[in-house]
Every structure is written in structure tokens, then in C-alpha cells.
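Visitor: The structure that follows is given in the form of C-alpha cells.
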Amino acid sequence: MAKRLEDEIKQKKFSSEVEKVLVNLIYTYNHFQYNFEKILKEFKITSQQYNILRILKGQYPKGITLIEIKNRMLDKNSDVSRIVERMRQKKLLTRKINPKNRREVEICITQKGLDLLEEIQPHLIKFHSSINHMSNQELQTINELLDKLRNN
């Protein structure tokens with residue numbers, strides 16, 4: 001039987017259903033984020049670095065600018081230029097100055113970055129299976145409700 005939020009955080013009452021939903025979203029996010037970070041830690045990357053690799057893989061073989069990466073990031077508070085520089089030092093991506101606009105830098109994933117994503121993939125498939133007990137209809141409903149929450 002699934003544990004209720006009240007049991008998990010040892011809180012009997014909430015001031016409203018709205019408060020309970022918000023606490024539940026934060027608690028659930030932290031639960032999944034912790035387990036996701038645990039997987040990535042084995043590969044010596046952060047969730048922000050993984051997010052950047054996925055964004056770059058989607059553009060491969062082309063590259064994109066730092067601004068475009070920032071706009072697509074899940075964590076909008078990330079210091080993208082600092083993270084990109086660390087990833088460049090790990091040889092997971094390259095930076096090239098655009099000869100037509102020297103202030104514009106194009107970021108491309110390297111083969112090493114692509115290989116790392118491939119290596120991580122089986123672990124993520126196992127991670128994704130943690131919600132396999134839900135039907136496609138339930139998952140679609142959750143996605144619709146989350147979209148509705150965000151689009152107030």
C-alpha cells in the first residue's frame with residue numbers, strides 16, 4: 001500500500017488542499033531528484049550537466065549557443081557558462097566562436113559526451129521503471145495536471 005504524504009513527513013494536517021499539493025509536489029520532486037542524482041554521481045556528472053548533454057544530443061551534429069541552452073534548461077537558475085566550461089574540460093563538449101559574430105559561441109557535444117549518454121541510458125531505464133506501476137492513462141493525467149498547474 002502506498003504511503004500517504006502525511007505518513008512520510010509525519011504531519012497530520014495541512015491548512016488546505018492547496019498547501020498539501022504544494023508540499024507533495026516538493027516532496028515528490030526531491031524523492032526523484034535524489035535518486036536521479038545518485039545514478040549520475042556514478043558517472044561523475046550532475047543533473048544540470050546531464051540536461052546539457054541531452055540538449056546537445058538533440059542538436060547533434062549541429063551545435064547551439066549558450067543562450068539557447070539556458071532557455072532549454074530544466075533548472076533555469078543554472079550558471080550555464082560555468083557548467084559548460086567544466087564539461088569542456090572533461091571533453092564532453094566543444095566551444096567554437098562563430099566567425100560571423102565573435103560574441104557568439106557555439107557548443108557541440110563530443111563523441112565522449114555521446115558515449116557517456118549511452119552508458120547512462122540502461123541505468124535511467126531502470127530508474128524510469130520506478131513508475132511502471134502506473135498506467136499510460138494515469139501518466140497522461142499527471143502530465144496534463146502538471147501542465148495545468150504551471151500554466152496559471
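Every chain in the C-alpha cells has a letter given in the order shown (A, B, ...), and although residue numbers restart at 1 in each chain, ligands are simply numbered from 1 in the order shown.
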Looking only at the backbone, which of the residues in region 12-111 of chain A does DSSP tag as helix (DSSP H, G or I), as a PyMOL selection string?

Guide: chain A and resi 17-42+47-59+66-72+80-89+111

Visitor: Report the residues of region 98-143 of chain A whose backbone DSSP state falls under strand (DSSP E or B), written as a list in words.

Guide: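 Answer for region 98-143 of chain A restricted to strand (DSSP E or B) is Asn98, Asn101, Arg102, Arg103, Glu104, Val105, Glu106, Ile107, Cys108 and Ile109 of chain A.
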
Visitor: Quick one: everything within 9 Å of region 77-94 of chain A, counting only C-alpha atoms, minus sequence neighbours fewer than 5 positions away in the same chain. Send it as a PDB file with C-alpha atoms, in the first residue's frame.

Guide:
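result.pdb, freshly written:
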```pdb
ATOM      1  CA  ILE A  45      28.175  14.364 -13.633  1.00  0.00           C
ATOM      2  CA  GLN A  48      22.464  20.035 -14.921  1.00  0.00           C
ATOM      3  CA  GLN A  49      25.358  18.541 -16.909  1.00  0.00           C
ATOM      4  CA  ILE A  52      23.005  19.969 -21.179  1.00  0.00           C
ATOM      5  CA  LEU A  53      24.244  16.724 -22.760  1.00  0.00           C
ATOM      6  CA  LEU A  56      23.240  18.995 -27.212  1.00  0.00           C
ATOM      7  CA  LEU A  66      24.777  29.258 -24.525  1.00  0.00           C
ATOM      8  CA  ILE A  67      21.596  31.336 -24.590  1.00  0.00           C
ATOM      9  CA  ILE A  69      20.958  26.019 -23.845  1.00  0.00           C
ATOM     10  CA  LYS A  70      19.907  28.273 -20.951  1.00  0.00           C
ATOM     11  CA  GLU A 106      28.552  27.507 -30.469  1.00  0.00           C
ATOM     12  CA  ILE A 107      28.511  24.483 -28.153  1.00  0.00           C
ATOM     13  CA  CYS A 108      28.655  20.934 -29.615  1.00  0.00           C
ATOM     14  CA  ILE A 109      28.577  17.541 -27.923  1.00  0.00           C
ATOM     15  CA  THR A 110      31.658  15.368 -28.458  1.00  0.00           C
ATOM     16  CA  GLN A 111      31.816  11.649 -29.097  1.00  0.00           C
ATOM     17  CA  LYS A 112      32.848  11.244 -25.463  1.00  0.00           C
ATOM     18  CA  GLY A 113      29.652  13.057 -24.433  1.00  0.00           C
ATOM     19  CA  LEU A 114      27.536  10.847 -26.707  1.00  0.00           C
ATOM     20  CA  LEU A 116      28.556   8.858 -21.760  1.00  0.00           C
TER      21      LEU A 116
END
```

Visitor: Write out, as JSON lines, each residue of region 21-63 of chain A that has an atom at most 12 Å from region 134-152 of chain A, together with the closest pair of atoms and their distance in Å to one decimal, counting only C-alpha atoms, rows going by chain and rising number.

Guide:
```
{"residue": "A:Val21", "atom": "CA", "partner": "A:Leu149", "partner_atom": "CA", "distance": 10.4}
{"residue": "A:Leu22", "atom": "CA", "partner": "A:Leu149", "partner_atom": "CA", "distance": 10.2}
{"residue": "A:Leu25", "atom": "CA", "partner": "A:Leu146", "partner_atom": "CA", "distance": 9.6}
```

Visitor: Rounded to one decimal place, report the CA of Lys100 (chain A)-CA of Gly63 (chain A) distance in Å.

Guide: 15.0 Å

Visitor: So which one's closest to Lys20 (chain A), A:Phe32, A:Glu119, A:Glu42, A:Leu5? Using only C-alpha atoms, please.

Guide: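 Answer, going by the shortest atom-to-atom distance: A:Leu5.
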
Visitor: Provide the CA of Asn30 (chain A) to CA of Ser129 (chain A) distance in Å, to one decimal place.

Guide: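 Here the two named atoms are 17.5 Å from each other.
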
Visitor: Kindly indicate which residue among A:Arg54, A:His31, A:Arg4, A:Lys96 lies nearest to Asp115 (chain A), using only C-alpha atoms for the distances.

Guide: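 For Asp115 (chain A), the nearest of the given residues is A:Arg54.
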
Visitor: Which residue is closest to Thr28 (chain A)? Choose from A:Glu68, A:Glu8, A:Leu117, A:Ser15 and count only C-alpha atoms.

Guide: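 Comparing A:Glu68, A:Glu8, A:Leu117, A:Ser15 against Thr28 (chain A), the winner is A:Glu8.
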